[in-house]
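Quick look at final_28.txt (compact mmCIF, C-alpha atoms):
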# COMPACT_ATOMS: atom_id res chain seq x y z
CA MET P 1 -11.86 -15.93 10.86
CA ARG P 2 -14.12 -16.33 7.85
CA ARG P 3 -15.35 -13.12 6.31
CA ARG P 4 -19.07 -12.48 6.26
CA ARG P 5 -20.82 -11.84 3.01
CA SER P 6 -22.14 -8.37 2.45
CA LEU P 7 -24.61 -8.66 -0.42
CA VAL P 8 -27.09 -5.81 -0.77
CA VAL P 9 -30.80 -6.73 -0.84
CA LEU P 10 -33.83 -4.67 -1.70
CA GLY P 11 -35.04 -2.31 1.02
CA LEU P 12 -38.05 -2.43 3.23
CA GLY P 13 -40.04 -0.40 0.73
CA LEU P 14 -39.75 -3.15 -1.89
CA ALA P 15 -40.58 -5.77 0.69
CA LEU P 16 -43.74 -3.87 1.67
CA ALA P 17 -44.67 -3.48 -1.97
CA PHE P 18 -45.67 -7.12 -1.94
CA ALA P 19 -48.55 -7.67 0.42
CA ALA P 20 -48.22 -10.97 2.30
CA PRO P 21 -50.79 -13.25 0.70
CA ALA P 22 -52.96 -15.37 2.89
CA ALA P 23 -52.63 -19.11 2.60
CA GLY P 24 -55.81 -19.32 0.55
CA ASP P 25 -54.87 -16.68 -2.11
CA ASP P 26 -54.87 -17.57 -5.80
CA PRO P 27 -51.60 -19.50 -6.54
CA GLU P 28 -51.25 -17.61 -9.82
CA ASP P 29 -51.17 -14.30 -7.92
CA GLN P 30 -48.58 -15.73 -5.54
CA LYS P 31 -46.50 -16.91 -8.47
CA ALA P 32 -46.72 -13.50 -10.14
CA ALA P 33 -45.55 -11.82 -6.95
CA VAL P 34 -42.65 -14.26 -6.57
CA ASP P 35 -41.66 -13.84 -10.23
CA ALA P 36 -41.66 -10.06 -9.81
CA ARG P 37 -39.47 -10.39 -6.75
CA ILE P 38 -37.05 -12.68 -8.61
CA ALA P 39 -36.89 -10.21 -11.51
CA ALA P 40 -36.05 -7.39 -9.12
CA LEU P 41 -33.31 -9.43 -7.46
CA GLN P 42 -31.89 -10.47 -10.82
CA ALA P 43 -31.65 -6.78 -11.71
CA GLU P 44 -29.74 -6.28 -8.48
CA ILE P 45 -27.38 -9.12 -9.39
CA ALA P 46 -26.79 -7.54 -12.79
CA ALA P 47 -25.93 -4.25 -11.07
CA ALA P 48 -23.47 -6.07 -8.80
CA LYS P 49 -21.83 -7.70 -11.81
CA ASP P 50 -21.64 -4.30 -13.51
CA GLN P 51 -19.89 -2.96 -10.41
CA GLU P 52 -17.34 -5.75 -10.69
CA GLY P 53 -16.79 -4.76 -14.32
CA VAL P 54 -16.33 -1.12 -13.30
CA LEU P 55 -13.73 -2.13 -10.70
CA THR P 56 -11.91 -4.19 -13.31
CA SER P 57 -11.87 -1.25 -15.75
CA GLN P 58 -10.71 1.12 -13.02
CA LEU P 59 -7.92 -1.28 -12.10
CA SER P 60 -6.79 -1.36 -15.73
CA ALA P 61 -6.76 2.45 -15.87
CA VAL P 62 -4.88 2.70 -12.58
CA ALA P 63 -2.37 0.13 -13.82
CA THR P 64 -1.74 2.28 -16.92
CA GLU P 65 -1.31 5.41 -14.80
CA LEU P 66 0.94 3.52 -12.42
CA GLU P 67 3.12 2.32 -15.29
CA ALA P 68 3.47 5.91 -16.55
CA ALA P 69 4.21 7.12 -13.02
CA GLN P 70 6.87 4.44 -12.56
CA SER P 71 8.42 5.43 -15.90
CA ALA P 72 8.53 9.06 -14.77
CA VAL P 73 10.10 8.04 -11.45
CA ASP P 74 12.71 5.95 -13.27
CA GLU P 75 13.52 8.85 -15.61
CA ALA P 76 13.79 11.27 -12.69
CA GLN P 77 15.95 8.80 -10.80
CA GLY P 78 18.22 8.45 -13.85
CA SER P 79 18.65 12.23 -14.06
CA LEU P 80 19.29 12.38 -10.32
CA ASP P 81 21.88 9.61 -10.51
CA SER P 82 23.66 11.43 -13.36
CA LEU P 83 23.68 14.71 -11.43
CA GLU P 84 24.88 13.02 -8.25
CA ALA P 85 27.71 11.36 -10.19
CA GLU P 86 28.65 14.71 -11.76
CA LEU P 87 28.44 16.38 -8.36
CA ALA P 88 30.67 13.71 -6.84
CA ASN P 89 33.26 14.20 -9.63
CA GLU P 90 33.26 17.98 -9.24
CA GLN P 91 33.47 17.68 -5.47
CA ALA P 92 36.42 15.31 -5.80
CA ARG P 93 38.07 17.80 -8.20
CA LEU P 94 37.45 20.60 -5.71
CA ASP P 95 38.98 18.49 -2.95
CA ARG P 96 42.06 17.84 -5.11
CA LEU P 97 42.41 21.55 -5.84
CA ALA P 98 42.13 22.34 -2.15
CA ALA P 99 44.85 19.79 -1.38
CA ARG P 100 47.08 21.23 -4.13
CA LEU P 101 46.50 24.73 -2.78
CA ARG P 102 47.59 23.62 0.69
CA VAL P 103 50.81 22.12 -0.78
CA GLN P 104 51.49 25.24 -2.85
CA THR P 105 50.88 27.46 0.16
CA ARG P 106 53.41 25.52 2.21
CA ARG P 107 55.94 25.62 -0.69
CA LEU P 108 55.45 29.37 -1.11
CA GLN P 109 55.94 29.91 2.60
CA ARG P 110 59.13 27.86 2.49
CA LEU P 111 60.47 29.75 -0.57
CA GLU P 112 59.66 33.06 1.07
CA GLU P 113 61.66 31.97 4.11
CA GLU P 114 64.58 30.80 1.93
CA HIS P 115 64.52 34.05 -0.04
CA ARG P 116 64.50 36.04 3.16
CA LYS P 117 67.53 34.10 4.40
CA ALA P 118 69.40 34.43 1.05
CA VAL P 119 68.81 38.15 0.92
CA ALA P 120 69.94 38.49 4.53
CA VAL P 121 73.19 36.60 3.76
CA LEU P 122 73.84 38.73 0.68
CA GLU P 123 73.18 41.96 2.54
CA ALA P 124 75.42 40.88 5.41
CA ARG P 125 78.25 40.02 3.06
CA VAL P 126 77.99 43.31 1.17
CA ARG P 127 77.81 45.26 4.42
CA GLU P 128 80.81 43.40 5.81
CA ILE P 129 82.90 44.10 2.70
CA TYR P 130 81.94 47.75 2.73
CA ILE P 131 82.76 48.22 6.44
CA GLU P 132 85.99 46.25 6.49
CA GLU P 133 87.16 46.88 2.92
CA SER P 134 90.35 48.97 3.72
CA PRO P 135 91.83 46.84 6.46
CA ASP P 136 90.93 43.67 4.70
CA VAL P 137 92.39 44.83 1.40
CA LEU P 138 95.59 46.12 3.05
CA SER P 139 95.97 42.94 5.05
CA PHE P 140 95.28 40.92 1.99
CA LEU P 141 97.90 42.80 -0.05
CA VAL P 142 100.52 42.55 2.70
CA SER P 143 99.94 38.84 3.25
CA ALA P 144 99.97 37.99 -0.44
CA SER P 145 103.15 36.17 -1.47
CA SER P 146 102.89 37.14 -5.07
CA PHE P 147 100.87 39.14 -7.51
CA SER P 148 99.35 35.89 -8.76
CA ASP P 149 97.94 35.18 -5.28
CA ILE P 150 96.35 38.61 -5.24
CA ILE P 151 94.61 38.00 -8.57
CA ASP P 152 93.40 34.51 -7.56
CA ASN P 153 91.98 35.61 -4.20
CA LEU P 154 90.22 38.67 -5.66
CA GLU P 155 88.56 36.38 -8.24
CA PHE P 156 87.56 33.99 -5.43
CA LEU P 157 85.98 36.78 -3.44
CA SER P 158 84.19 38.01 -6.54
CA ARG P 159 82.79 34.57 -7.25
CA ILE P 160 81.46 34.26 -3.69
CA GLY P 161 79.56 37.53 -4.08
CA LEU P 162 78.21 36.57 -7.48
CA GLN P 163 77.08 33.18 -6.13
CA ASP P 164 75.22 34.79 -3.24
CA GLU P 165 73.55 37.15 -5.67
CA ARG P 166 72.57 34.28 -8.03
CA ILE P 167 71.13 32.24 -5.17
CA ALA P 168 69.06 35.17 -3.99
CA ARG P 169 67.85 35.82 -7.53
CA GLU P 170 66.89 32.16 -8.17
CA VAL P 171 65.03 31.92 -4.87
CA ALA P 172 63.16 35.12 -5.72
CA GLU P 173 62.20 33.74 -9.12
CA ALA P 174 61.00 30.47 -7.55
CA LYS P 175 58.98 32.42 -5.02
CA THR P 176 57.39 34.52 -7.78
CA LYS P 177 56.53 31.39 -9.78
CA ALA P 178 55.07 29.63 -6.73
CA ALA P 179 52.96 32.68 -5.93
CA ALA P 180 51.64 32.72 -9.52
CA GLU P 181 50.81 29.02 -9.35
CA ARG P 182 49.00 29.52 -6.08
CA ARG P 183 46.97 32.41 -7.51
CA ALA P 184 46.00 30.22 -10.49
CA THR P 185 44.99 27.40 -8.16
CA VAL P 186 42.90 29.79 -6.03
CA GLN P 187 41.11 30.98 -9.16
CA THR P 188 40.51 27.41 -10.38
CA ARG P 189 39.26 26.36 -6.98
CA THR P 190 36.87 29.30 -6.91
CA LEU P 191 35.44 28.28 -10.29
CA ALA P 192 35.21 24.65 -9.15
CA ALA P 193 33.36 25.70 -5.98
CA ALA P 194 30.88 27.69 -8.07
CA THR P 195 30.35 24.67 -10.33
CA VAL P 196 29.77 22.42 -7.32
CA SER P 197 27.23 24.92 -5.95
CA VAL P 198 25.29 24.99 -9.25
CA ILE P 199 25.29 21.22 -9.64
CA SER P 200 24.30 20.81 -6.00
CA ALA P 201 21.29 23.09 -6.53
CA ARG P 202 20.30 21.14 -9.66
CA THR P 203 20.69 17.90 -7.73
CA ASP P 204 18.43 19.14 -4.93
CA GLU P 205 15.83 20.19 -7.47
CA ALA P 206 16.01 16.82 -9.23
CA ARG P 207 15.72 15.03 -5.89
CA THR P 208 12.60 17.06 -5.05
CA VAL P 209 11.05 16.17 -8.43
CA ARG P 210 11.94 12.51 -7.89
CA ASP P 211 10.37 12.54 -4.41
CA GLU P 212 7.17 14.16 -5.72
CA LEU P 213 6.89 11.61 -8.52
CA THR P 214 7.58 8.80 -6.08
CA ALA P 215 4.82 10.07 -3.77
CA SER P 216 2.41 10.18 -6.72
CA ARG P 217 3.40 6.66 -7.72
CA ASP P 218 2.95 5.41 -4.16
CA ALA P 219 -0.50 7.01 -4.01
CA LEU P 220 -1.46 5.23 -7.22
CA THR P 221 -0.08 2.00 -5.80
CA GLN P 222 -2.28 2.41 -2.74
CA VAL P 223 -5.33 3.12 -4.93
CA ARG P 224 -4.59 -0.01 -6.94
CA GLN P 225 -4.26 -2.08 -3.79
CA LEU P 226 -7.59 -0.75 -2.48
CA LYS P 227 -9.34 -1.51 -5.76
CA ARG P 228 -7.74 -4.94 -5.93
CA SER P 229 -8.94 -5.58 -2.41
CA ALA P 230 -12.45 -4.42 -3.27
CA LEU P 231 -12.50 -6.59 -6.38
CA ALA P 232 -11.13 -9.56 -4.45
CA ASP P 233 -13.78 -9.04 -1.77
CA ALA P 234 -16.52 -8.92 -4.40
CA ARG P 235 -15.26 -12.06 -6.09
CA GLU P 236 -14.74 -13.84 -2.77
CA THR P 237 -18.24 -12.87 -1.69
CA ARG P 238 -19.62 -14.29 -4.91
CA GLU P 239 -17.60 -17.49 -4.61
CA GLU P 240 -18.65 -17.97 -1.00
CA TYR P 241 -22.26 -17.39 -1.91
CA LEU P 242 -22.06 -19.78 -4.88
CA ALA P 243 -20.49 -22.48 -2.69
CA GLU P 244 -23.21 -22.06 -0.09
CA ALA P 245 -25.95 -21.89 -2.72
CA ASP P 246 -24.64 -25.05 -4.39
CA ALA P 247 -24.57 -26.89 -1.07
CA LEU P 248 -28.07 -25.72 -0.15
CA ALA P 249 -29.41 -26.52 -3.61
CA ALA P 250 -28.19 -30.09 -3.23
CA GLN P 251 -30.28 -30.39 -0.07
CA SER P 252 -33.28 -28.41 -1.25
CA ALA P 253 -35.08 -31.24 -3.01
CA GLN P 254 -34.40 -33.54 -0.07
CA LEU P 255 -35.78 -30.93 2.32
CA ALA P 256 -38.88 -30.37 0.17
CA ALA P 257 -39.59 -34.11 0.09
CA ALA P 258 -39.01 -34.40 3.82
CA ILE P 259 -41.42 -31.54 4.51
CA ARG P 260 -44.10 -33.04 2.27
CA ASP P 261 -43.65 -36.46 3.86
CA ALA P 262 -43.79 -35.02 7.36
CA GLN P 263 -46.84 -32.90 6.60
CA THR P 264 -48.61 -35.83 4.98
CA GLY P 265 -47.75 -38.21 7.79
CA ALA P 266 -48.75 -35.76 10.52
CA GLY P 267 -51.81 -34.47 8.73
CA SER P 268 -50.20 -31.03 8.47
CA SER P 269 -51.18 -29.98 11.95
CA GLY P 270 -51.68 -26.30 12.65
CA THR P 271 -53.87 -23.54 11.34
CA GLY P 272 -51.43 -21.90 8.94
CA VAL P 273 -50.29 -18.28 9.23
CA SER P 274 -52.22 -15.77 11.31
CA GLU P 275 -53.42 -12.49 9.89
CA SER P 276 -50.35 -10.81 11.34
CA GLY P 277 -48.15 -13.10 9.27
CA LEU P 278 -44.85 -14.67 10.29
CA ILE P 279 -42.61 -12.89 12.77
CA TRP P 280 -38.90 -12.46 12.13
CA PRO P 281 -36.89 -15.31 13.64
CA VAL P 282 -34.08 -12.90 14.69
CA ASP P 283 -33.46 -9.18 14.55
CA GLY P 284 -30.68 -8.32 12.11
CA PRO P 285 -29.92 -7.04 8.61
CA VAL P 286 -30.75 -9.18 5.60
CA VAL P 287 -27.41 -9.74 3.88
CA SER P 288 -28.63 -12.04 1.12
CA GLY P 289 -32.12 -12.10 -0.33
CA PHE P 290 -34.29 -14.73 -1.98
CA GLY P 291 -33.82 -15.35 -5.70
CA MET P 292 -31.25 -16.03 -8.38
CA ARG P 293 -27.61 -15.28 -7.68
CA TRP P 294 -25.12 -15.79 -10.53
CA GLY P 295 -27.19 -18.60 -11.99
CA ARG P 296 -28.04 -20.21 -8.63
CA MET P 297 -31.24 -20.11 -6.67
CA HIS P 298 -31.00 -18.85 -3.08
CA GLU P 299 -34.15 -20.33 -1.56
CA GLY P 300 -34.28 -18.21 1.57
CA ILE P 301 -32.91 -15.07 3.18
CA ASP P 302 -29.76 -14.72 5.30
CA ILE P 303 -30.08 -12.61 8.44
CA ALA P 304 -26.77 -11.55 10.01
CA VAL P 305 -26.58 -12.11 13.78
CA PRO P 306 -23.80 -13.13 16.20
CA THR P 307 -23.34 -16.78 17.13
CA GLY P 308 -25.56 -17.76 20.03
CA THR P 309 -28.46 -15.42 19.18
CA GLN P 310 -31.84 -16.85 20.18
CA VAL P 311 -33.81 -18.02 17.12
CA ARG P 312 -37.61 -17.66 17.46
CA ALA P 313 -40.39 -19.71 15.87
CA SER P 314 -42.04 -17.53 13.23
CA ALA P 315 -45.47 -19.00 14.00
CA ASP P 316 -47.16 -21.76 15.99
CA GLY P 317 -46.31 -25.17 14.65
CA THR P 318 -44.87 -28.64 15.05
CA VAL P 319 -41.20 -29.59 14.74
CA ILE P 320 -40.83 -31.94 11.78
CA HIS P 321 -37.02 -31.85 11.58
CA SER P 322 -34.36 -31.08 14.18
CA GLY P 323 -30.85 -32.22 13.30
CA TRP P 324 -28.04 -32.06 10.77
CA LEU P 325 -28.84 -31.75 7.06
CA GLY P 326 -25.84 -31.35 4.75
CA GLY P 327 -25.07 -27.76 3.78
CA TYR P 328 -27.84 -26.50 6.09
CA GLY P 329 -25.85 -27.68 9.10
CA LEU P 330 -27.98 -27.91 12.25
CA LEU P 331 -31.49 -27.35 10.93
CA VAL P 332 -34.96 -26.89 12.47
CA VAL P 333 -38.09 -27.22 10.30
CA LEU P 334 -41.56 -26.27 11.57
CA ASP P 335 -44.91 -27.26 10.04
CA HIS P 336 -47.50 -24.52 10.43
CA GLY P 337 -50.40 -26.27 8.68
CA ASN P 338 -52.11 -25.74 5.32
CA GLY P 339 -48.92 -26.82 3.57
CA LEU P 340 -46.83 -24.01 5.05
CA ALA P 341 -43.43 -24.73 6.67
CA THR P 342 -40.45 -22.67 7.84
CA ALA P 343 -36.79 -23.70 8.10
CA TYR P 344 -33.98 -22.26 10.27
CA ALA P 345 -30.45 -23.29 9.22
CA HIS P 346 -26.77 -23.04 10.35
CA ASN P 347 -27.63 -23.19 14.07
CA SER P 348 -25.02 -23.83 16.74
CA VAL P 349 -27.47 -25.42 19.21
CA LEU P 350 -30.89 -27.06 18.72
CA LEU P 351 -33.42 -26.62 21.55
CA VAL P 352 -36.45 -28.58 20.21
CA ALA P 353 -37.14 -32.16 19.15
CA VAL P 354 -39.17 -33.72 16.32
CA GLY P 355 -42.86 -33.86 17.16
CA GLN P 356 -42.67 -31.04 19.70
CA ARG P 357 -45.31 -28.31 19.55
CA VAL P 358 -43.95 -24.75 19.65
CA SER P 359 -45.55 -21.35 19.98
CA GLN P 360 -44.88 -18.24 17.91
CA GLY P 361 -41.86 -16.42 19.38
CA GLN P 362 -40.60 -19.47 21.31
CA THR P 363 -36.82 -19.97 21.20
CA ILE P 364 -36.11 -23.07 19.14
CA SER P 365 -32.32 -22.82 18.60
CA LEU P 366 -29.23 -20.67 18.89
CA SER P 367 -27.70 -19.18 15.75
CA GLY P 368 -24.30 -20.20 14.44
CA SER P 369 -22.37 -21.01 11.27
CA THR P 370 -22.64 -24.78 10.87
CA GLY P 371 -22.80 -26.52 7.52
CA ASN P 372 -21.74 -24.64 4.41
CA SER P 373 -21.74 -21.11 5.83
CA SER P 374 -19.51 -18.10 5.29
CA GLY P 375 -20.14 -16.63 8.74
CA PRO P 376 -22.62 -16.48 11.62
CA HIS P 377 -26.17 -15.92 10.37
CA VAL P 378 -29.63 -17.46 10.19
CA HIS P 379 -30.67 -18.91 6.84
CA PHE P 380 -34.48 -18.66 6.92
CA GLU P 381 -36.78 -20.35 4.43
CA VAL P 382 -40.53 -20.39 3.87
CA ARG P 383 -41.92 -23.34 1.91
CA VAL P 384 -45.44 -23.92 0.58
CA ASN P 385 -46.08 -27.60 -0.10
CA GLY P 386 -42.32 -28.08 -0.03
CA VAL P 387 -41.61 -25.35 -2.60
CA ALA P 388 -39.44 -22.43 -1.44
CA VAL P 389 -41.02 -18.96 -1.67
CA ASP P 390 -39.75 -15.50 -0.77
CA PRO P 391 -39.89 -15.16 3.04
CA LEU P 392 -40.26 -11.38 2.76
CA LEU P 393 -43.75 -11.94 1.31
CA TYR P 394 -44.80 -13.62 4.55
CA LEU P 395 -42.92 -11.81 7.28
CA GLY P 396 -44.94 -9.23 9.13

Written as structure tokens, that's how I'd like the structure from this file.
Amino acid sequence: MRRRRSLVVLGLGLALAFAAPAAGDDPEDQKAAVDARIAALQAEIAAAKDQEGVLTSQLSAVATELEAAQSAVDEAQGSLDSLEAELANEQARLDRLAARLRVQTRRLQRLEEEHRKAVAVLEARVREIYIEESPDVLSFLVSASSFSDIIDNLEFLSRIGLQDERIAREVAEAKTKAAAERRATVQTRTLAAATVSVISARTDEARTVRDELTASRDALTQVRQLKRSALADARETREEYLAEADALAAQSAQLAAAIRDAQTGAGSSGTGVSESGLIWPVDGPVVSGFGMRWGRMHEGIDIAVPTGTQVRASADGTVIHSGWLGGYGLLVVLDHGNGLATAYAHNSVLLVAVGQRVSQGQTISLSGSTGNSSGPHVHFEVRVNGVAVDPLLYLG
């Protein structure tokens, strides 16, 4: 769907400031009034162009702020990435320490069990020797075949006792060492857990800062998009208007000649405009006024109405054109006498024929968007002797 133009025109107060001149007024007065109207509209155009410049400047400022915001986000993201990497390393170290602690705990438990068993064996052997020492020694002495056997066996028994004692001592030492290693690991793991906690807190803080900066950047991005959209709309509106104005300008001279020829040939039937002036052809807001627009002349006013709106004759008159005319699309032109004519462009349906007499307020067509048009509206012109004048000076 094509977007409608939304060009601001001067208000009703300005329109009323120019009294509608009768057909017989001094042409110089009429020209002065038209020139004043054109000057006012040109001032409005200048203001619109200034607004476009303001939007462009604002976009440049927003772009600078957005670049700084993106730089801040990138810096915050870099710090966050570094902290997350450090946190991951410390967490991995903590996990390794926890795994080592589990291994050391199992080893200590095993050594404690081995030490318990070794001590139990040693105690049992000592207790057995103490309880059965006399019988065993007597039996041993009686059964010995020689003194040499006695010496050898006593040494053997002594070695067994010493070995049990050494085993118990070595297991005890291993257990003590394992316990010390486990205590050291517990201490290291505690420090590592504290480090992980600190880095985790710093990481959360950095993530919060990053998120806040990202939100600020996204807000600036949205502002930039809105301003870009507004600027694009303004430029598109201007381009659409210029295209339409160019197309209408190409037909304007042809229309003026056709009106003069028709009025001359028909004797310019009609009595001109009544004291009440012309009535509005449709009821709607004026979205583009009469006058210069970016170096082009807009020779009528555009009244926004939906397609199919009934278009009324502004005064009694005779149809001198009813058909297609270039950028005007489907066009109706009425001769009201005394050199005055009105034109109604961009219609979707024509309801009158050339030569037909119409009364003020009679429906002559249905509005539309034919020809070179940016959306449904009625392009309304008032011409005196074929020359376009401001319709607001004649509308009652």

Which distance in Å separates CA of Arg207 in chain P and CA of Gln70 in chain P, to one decimal?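 Going from CA of Arg207 in chain P over to CA of Gln70 in chain P, I get 15.3 Å.
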
For a quick check of understanding, using only C-alpha atoms, which of P:Ser79, P:Arg228, P:Arg102, P:Ser200 has the smallest distance to Leu59 in chain P?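 Among P:Ser79, P:Arg228, P:Arg102, P:Ser200, it is P:Arg228 that comes nearest to Leu59 in chain P.
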
Residues within 10 Å of Val223 in chain P, all atoms listed in the file, excluding chain neighbours under 6 positions, as an mmCIF file with C-alpha atoms, keeping the file's coordinate frame:
data_model
loop_
_atom_site.group_PDB
_atom_site.id
_atom_site.type_symbol
_atom_site.label_atom_id
_atom_site.label_comp_id
_atom_site.auth_asym_id
_atom_site.auth_seq_id
_atom_site.Cartn_x
_atom_site.Cartn_y
_atom_site.Cartn_z
ATOM 1 C CA GLN P 58 -10.710 1.120 -13.020
ATOM 2 C CA LEU P 59 -7.920 -1.280 -12.100
ATOM 3 C CA VAL P 62 -4.880 2.700 -12.580
ATOM 4 C CA ALA P 63 -2.370 0.130 -13.820
ATOM 5 C CA LEU P 66 0.940 3.520 -12.420
ATOM 6 C CA ARG P 217 3.400 6.660 -7.720
ATOM 7 C CA SER P 229 -8.940 -5.580 -2.410
#

Pick from P:His298, P:His346, P:Leu330, P:Ala313, whichever lies nearest to Val389 in chain P using all atoms listed in the file: P:His298

Find, counting all atoms listed in the file, the residue in P:Val349, P:Val387, P:Ala341, P:Ala69 that gets nearest to Ser369 in chain P. P:Val349

Residue nearest Thr307 in chain P among P:Leu55, P:Val286, P:Leu366, P:Leu334 (counting only C-alpha atoms): P:Leu366

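With all atoms listed in the file as the atoms that count, the minimum distance from Gly326 in chain P to the choices P:Thr363, P:Ser216, P:Gln254, P:Gln310 is reached by P:Gln254.
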
Between P:Leu395, P:Thr318, P:Leu331, P:Arg383, which has the minimum distance to Gln362 in chain P (counting only C-alpha atoms)?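 The answer is P:Thr318, which sits nearest to Gln362 in chain P.
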
Expressed in Å to a single decimal, how great is the separation between CA of Arg106 in chain P and CA of Arg189 in chain P?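 Separation between CA of Arg106 in chain P and CA of Arg189 in chain P: 16.9 Å.
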
Could you list as an mmCIF file with C-alpha atoms, in the coordinates of the input every residue that has an atom within 12 Å of (54.4, 26.0, -10.4), using the file's coordinates and counting all atoms listed in the file?
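Saved the output as selection-v9.cif:
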data_model
loop_
_atom_site.group_PDB
_atom_site.id
_atom_site.type_symbol
_atom_site.label_atom_id
_atom_site.label_comp_id
_atom_site.auth_asym_id
_atom_site.auth_seq_id
_atom_site.Cartn_x
_atom_site.Cartn_y
_atom_site.Cartn_z
ATOM 1 C CA ARG P 100 47.080 21.230 -4.130
ATOM 2 C CA LEU P 101 46.500 24.730 -2.780
ATOM 3 C CA VAL P 103 50.810 22.120 -0.780
ATOM 4 C CA GLN P 104 51.490 25.240 -2.850
ATOM 5 C CA THR P 105 50.880 27.460 0.160
ATOM 6 C CA ARG P 107 55.940 25.620 -0.690
ATOM 7 C CA LEU P 108 55.450 29.370 -1.110
ATOM 8 C CA GLU P 173 62.200 33.740 -9.120
ATOM 9 C CA ALA P 174 61.000 30.470 -7.550
ATOM 10 C CA LYS P 175 58.980 32.420 -5.020
ATOM 11 C CA THR P 176 57.390 34.520 -7.780
ATOM 12 C CA LYS P 177 56.530 31.390 -9.780
ATOM 13 C CA ALA P 178 55.070 29.630 -6.730
ATOM 14 C CA ALA P 179 52.960 32.680 -5.930
ATOM 15 C CA ALA P 180 51.640 32.720 -9.520
ATOM 16 C CA GLU P 181 50.810 29.020 -9.350
ATOM 17 C CA ARG P 182 49.000 29.520 -6.080
ATOM 18 C CA ARG P 183 46.970 32.410 -7.510
ATOM 19 C CA ALA P 184 46.000 30.220 -10.490
ATOM 20 C CA THR P 185 44.990 27.400 -8.160
#

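CA of Pro285 in chain P is positioned 25.6 Å from CA of Gly323 in chain P.
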
Compile the contact shell of Ser348 in chain P as a list in words: residues with an atom at most 12 Å away, counting only C-alpha atoms, same-chain residues fewer than 4 positions apart removed. Pro306, Thr307, Gly308, Thr309, Gln310, Val311, Gly323, Trp324, Tyr328, Gly329, Leu330, Leu331, Val332, Tyr344, Ile364, Ser365, Leu366, Ser367, Gly368, Ser369, Thr370, Gly371, Ser373, Gly375, Pro376, His377 and Val378 of chain P
